[in-house]
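File shown: start.txt. Contents: compact mmCIF, C-alpha atoms.
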# COMPACT_ATOMS: atom_id res chain seq x y z
CA MET A 56 122.41 115.93 124.87
CA THR A 57 121.84 115.88 121.12
CA GLU A 58 118.55 114.49 119.89
CA ILE A 59 118.53 112.41 116.75
CA LEU A 60 115.23 112.25 114.93
CA LYS A 61 114.51 109.03 113.08
CA LYS A 62 111.90 108.65 110.39
CA TYR A 63 110.06 105.46 109.52
CA ASP A 64 107.72 104.38 106.77
CA PHE A 65 104.32 103.07 107.89
CA PHE A 66 101.87 101.19 105.69
CA HIS A 67 98.96 98.75 105.95
CA ILE A 68 99.52 95.20 104.74
CA TYR A 69 95.84 94.26 104.38
CA LYS A 70 95.91 93.85 100.60
CA HIS A 71 99.08 91.75 100.75
CA SER A 72 98.11 89.00 103.17
CA LYS A 73 97.31 86.16 100.76
CA THR A 74 99.83 83.35 100.67
CA LYS A 75 101.12 81.56 97.59
CA LYS A 76 99.55 78.19 98.45
CA SER A 77 96.29 79.51 99.87
CA GLU A 78 93.29 81.53 98.85
CA GLY A 79 93.05 82.58 102.48
CA GLY A 80 93.11 86.16 103.62
CA PHE A 81 89.53 87.11 102.81
CA ASP A 82 86.79 87.43 105.40
CA LYS A 83 83.33 85.85 104.90
CA VAL A 84 82.08 88.86 102.93
CA GLY A 85 85.13 88.69 100.65
CA ASN A 86 86.15 92.34 100.93
CA ASP A 87 88.54 92.29 103.86
CA TYR A 88 91.65 90.36 104.73
CA ASP A 89 92.44 88.03 107.59
CA LEU A 90 95.99 88.67 108.78
CA SER A 91 96.01 85.45 110.80
CA VAL A 92 97.41 83.76 107.66
CA LEU A 93 100.52 85.95 107.79
CA ASP A 94 100.61 85.74 111.60
CA GLU A 95 100.69 81.92 111.46
CA LEU A 96 103.46 81.96 108.84
CA LEU A 97 105.58 84.25 111.04
CA LYS A 98 104.94 81.93 113.99
CA LYS A 99 106.11 79.00 111.84
CA ARG A 100 109.31 80.94 111.02
CA PHE A 101 109.77 81.78 114.71
CA LEU A 102 109.59 78.10 115.69
CA ALA A 103 111.80 76.87 112.81
CA ASN A 104 115.48 76.15 113.17
CA PRO A 105 117.17 79.34 111.88
CA MET A 106 119.78 77.24 110.06
CA THR A 107 117.07 75.64 107.87
CA LEU A 108 115.52 78.83 106.49
CA ASN A 109 116.36 79.26 102.82
CA PRO A 110 116.00 82.55 100.95
CA ILE A 111 112.90 83.13 98.84
CA LYS A 112 113.30 84.25 95.23
CA LEU A 113 111.60 87.61 94.69
CA ASP A 114 112.53 88.24 91.08
CA GLN A 115 115.26 87.25 88.63
CA HIS A 116 118.07 88.76 90.72
CA SER A 117 116.68 89.26 94.27
CA TYR A 118 116.35 86.83 97.15
CA ALA A 119 115.20 87.48 100.72
CA GLY A 120 114.86 85.63 103.98
CA ILE A 121 114.11 86.23 107.64
CA THR A 122 117.33 85.93 109.63
CA ASN A 123 116.06 86.91 113.08
CA ILE A 124 112.51 87.07 114.42
CA ARG A 125 111.10 88.10 117.80
CA PHE A 126 107.60 87.90 119.28
CA TYR A 127 106.55 90.71 121.67
CA ASP A 128 103.42 90.87 123.79
CA ASP A 129 101.50 94.15 124.06
CA GLU A 130 103.60 95.18 127.09
CA GLY A 131 106.83 94.78 125.12
CA HIS A 132 108.01 91.52 126.71
CA VAL A 133 110.04 89.31 124.38
CA LEU A 134 109.07 85.66 124.14
CA SER A 135 111.88 83.16 124.54
CA ARG A 136 112.73 81.04 121.48
CA LYS A 137 111.92 77.89 123.46
CA ASP A 138 108.30 79.01 124.12
CA GLU A 139 105.47 78.85 121.60
CA PRO A 140 103.83 82.19 120.74
CA ASP A 141 100.17 82.60 121.71
CA LEU A 142 98.61 84.41 118.76
CA VAL A 143 95.39 85.08 120.71
CA ILE A 144 97.03 87.69 122.96
CA SER A 145 97.79 91.17 121.68
CA HIS A 146 101.26 91.05 120.13
CA PHE A 147 103.57 92.25 117.40
CA TRP A 148 106.52 90.83 115.46
CA VAL A 149 109.95 92.36 114.94
CA PHE A 150 112.14 90.60 112.41
CA ASN A 151 115.16 91.11 110.23
CA ILE A 152 114.97 90.39 106.52
CA GLU A 153 118.18 89.99 104.60
CA ARG A 154 117.91 90.69 100.89
CA ALA A 155 120.55 89.66 98.37
CA ASP A 156 120.80 91.22 94.93
CA THR A 157 122.88 89.06 92.57
CA LEU A 158 123.45 92.02 90.23
CA LYS A 159 125.33 93.93 92.92
CA LYS A 160 128.75 93.26 94.35
CA ALA A 161 129.73 93.78 97.96
CA VAL A 162 132.68 96.11 98.39
CA VAL A 163 134.98 96.08 101.41
CA VAL A 164 137.78 98.59 101.98
CA GLN A 165 140.74 97.87 104.23
CA VAL A 166 141.19 101.22 106.03
CA GLU A 167 144.88 100.69 106.84
CA ARG A 168 145.73 100.92 103.12
CA ASP A 169 144.97 103.46 100.44
CA ILE A 170 141.44 103.27 99.07
CA GLN A 171 142.29 101.71 95.71
CA SER A 172 144.67 98.97 96.88
CA GLY A 173 142.60 98.26 100.01
CA ARG A 174 139.39 97.69 98.01
CA ARG A 175 137.96 94.15 97.64
CA GLU A 176 134.85 93.13 95.71
CA TYR A 177 132.77 90.02 96.40
CA GLY A 178 129.87 88.48 94.52
CA ASP A 179 131.23 87.59 91.10
CA SER A 180 129.18 84.40 90.67
CA ALA A 181 125.51 84.36 89.65
CA GLU A 182 124.62 82.76 93.01
CA GLU A 183 126.14 85.60 95.08
CA GLY A 184 125.19 89.19 95.63
CA ALA A 185 125.42 92.12 97.97
CA ALA A 186 123.23 91.73 101.04
CA SER A 187 121.24 94.43 102.79
CA ASP A 188 119.32 94.09 106.05
CA THR A 189 115.98 95.57 107.02
CA VAL A 190 114.33 95.49 110.43
CA VAL A 191 110.54 95.17 110.13
CA CYS A 192 107.88 95.68 112.80
CA PHE A 193 104.49 94.10 112.04
CA ASN A 194 101.30 94.38 114.10
CA PRO A 195 98.78 91.71 112.98
CA ALA A 196 95.96 93.34 114.98
CA ASN A 197 95.82 96.40 112.71
CA GLY A 198 97.98 95.42 109.73
CA VAL A 199 100.55 98.17 110.28
CA VAL A 200 104.10 97.54 109.07
CA VAL A 201 106.93 99.86 110.11
CA LEU A 202 110.14 100.08 108.05
CA PRO A 203 113.16 102.34 108.12
CA PRO A 204 113.21 104.48 104.95
CA ARG A 205 115.63 103.62 102.14
CA SER A 206 116.22 100.18 103.60
CA GLY A 207 117.23 97.06 101.71
CA MET A 208 113.67 95.76 101.79
CA GLY A 209 111.22 98.50 100.92
CA ILE A 210 107.46 98.33 100.68
CA SER A 211 107.43 96.96 97.12
CA LYS A 212 109.84 94.12 97.97
CA LEU A 213 107.80 93.26 101.08
CA GLU A 214 104.74 93.08 98.86
CA GLN A 215 106.60 90.45 96.83
CA TYR A 216 107.98 88.64 99.91
CA PHE A 217 104.92 88.18 102.18
CA PRO A 218 102.81 86.20 99.68
CA ARG A 219 105.74 83.83 99.06
CA LEU A 220 106.19 82.88 102.72
CA GLN A 221 105.40 79.19 103.29
This structure in structure tokens:
Amino acid sequence: MTEILKKYDFFHIYKHSKTKKSEGGFDKVGNDYDLSVLDELLKKRFLANPMTLNPIKLDQHSYAGITNIRFYDDEGHVLSRKDEPDLVISHFWVFNIERADTLKKAVVVQVERDIQSGRREYGDSAEEGAASDTVVCFNPANGVVVLPPRSGMGISKLEQYFPRLQ
């Protein structure tokens, strides 16, 4: 059997936990961050109707939104979408963020034809762009975020995205 090694990027989200509408995130001393703010926002996304979640503008040409979110307890059990997450128990979140870049076009090639005539481009309008998906794992107990390297939503884009969650 062939082993395939996978690499992931790990980072702490402590300095990125403030939300756009809140000054929350600081502890009583003012030098630490409370990740319950981000935890509550992810819970709100988990409970929301997936069809009502609009993308968030990150910069002039980038938009992102959570398309799938799962709540796991510390033993790895997945919570059903019809149950409400208990943020008191030890848990972590796994979610998919889809990022669209309106400067990029999506290219599709029909493999039954030659490359040039089988090529199609999408995303000509200013409201469309190529999409890329990133699976994110977030542990609110220690602030660790795990990302696949060279994904559509890297650390810098997550730093822009988390504070804009509402």
Length of the atom CA of A:Phe126 to atom CA of A:Gly209 vector [Å]: 21.5 Å
Need the shell around A:Gly184: protein/DNA/RNA residues with any atom at most 6 Å away, counting all atoms listed in the file. Skip same-chain ones fewer than 4 positions apart. Format as a ChimeraX atom specification? /A:155-157,159-160,178
Selection near stretch 136-142 of chain A, 10 Å with all atoms listed in the file, sequence-local residues under 6 positions removed, as an MDAnalysis selection string: chainID A and resid 91 94:95 98:99 101:103 124:128 195
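Atom CA of A:Asn194 sits 4.5 Å away from atom CA of A:Phe147.
Minimum atom-to-atom distances from A:Gly173, A:Val190, A:Ala196, A:Phe150 to A:Asp129 were compared using only C-alpha atoms, and the lowest value belongs to A:Ala196.
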Minimum-distance residue to A:Ala181, chosen among A:Leu158, A:Leu213, A:Ile59, A:Val133 (using all atoms listed in the file): A:Leu158
Can you pull out the residues contacting A:Leu96? Cut-off 8 Å, using only C-alpha atoms, and skip same-chain residues under 3 positions away; I want them as a VMD selection string. chain A and resid 92 to 93 99 to 100 220 to 221
Grab the residues selected above and save them as a short mmCIF file (atom, residue, chain, number, x, y, z; two decimals), keeping the file's coordinate frame with C-alpha atoms.
data_model
loop_
_atom_site.label_atom_id
_atom_site.label_comp_id
_atom_site.auth_asym_id
_atom_site.auth_seq_id
_atom_site.Cartn_x
_atom_site.Cartn_y
_atom_site.Cartn_z
CA VAL A 92 97.41 83.76 107.66
CA LEU A 93 100.52 85.95 107.79
CA LYS A 99 106.11 79.00 111.84
CA ARG A 100 109.31 80.94 111.02
CA LEU A 220 106.19 82.88 102.72
CA GLN A 221 105.40 79.19 103.29
#
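The spacing separating atom CA of A:Lys62 from atom CA of A:Thr122 amounts to 23.4 Å.
Distances here use only C-alpha atoms; by that measure, the residue among A:Arg205, A:His132, A:Arg154, A:Lys212 closest to A:Ser187 is A:Arg154.
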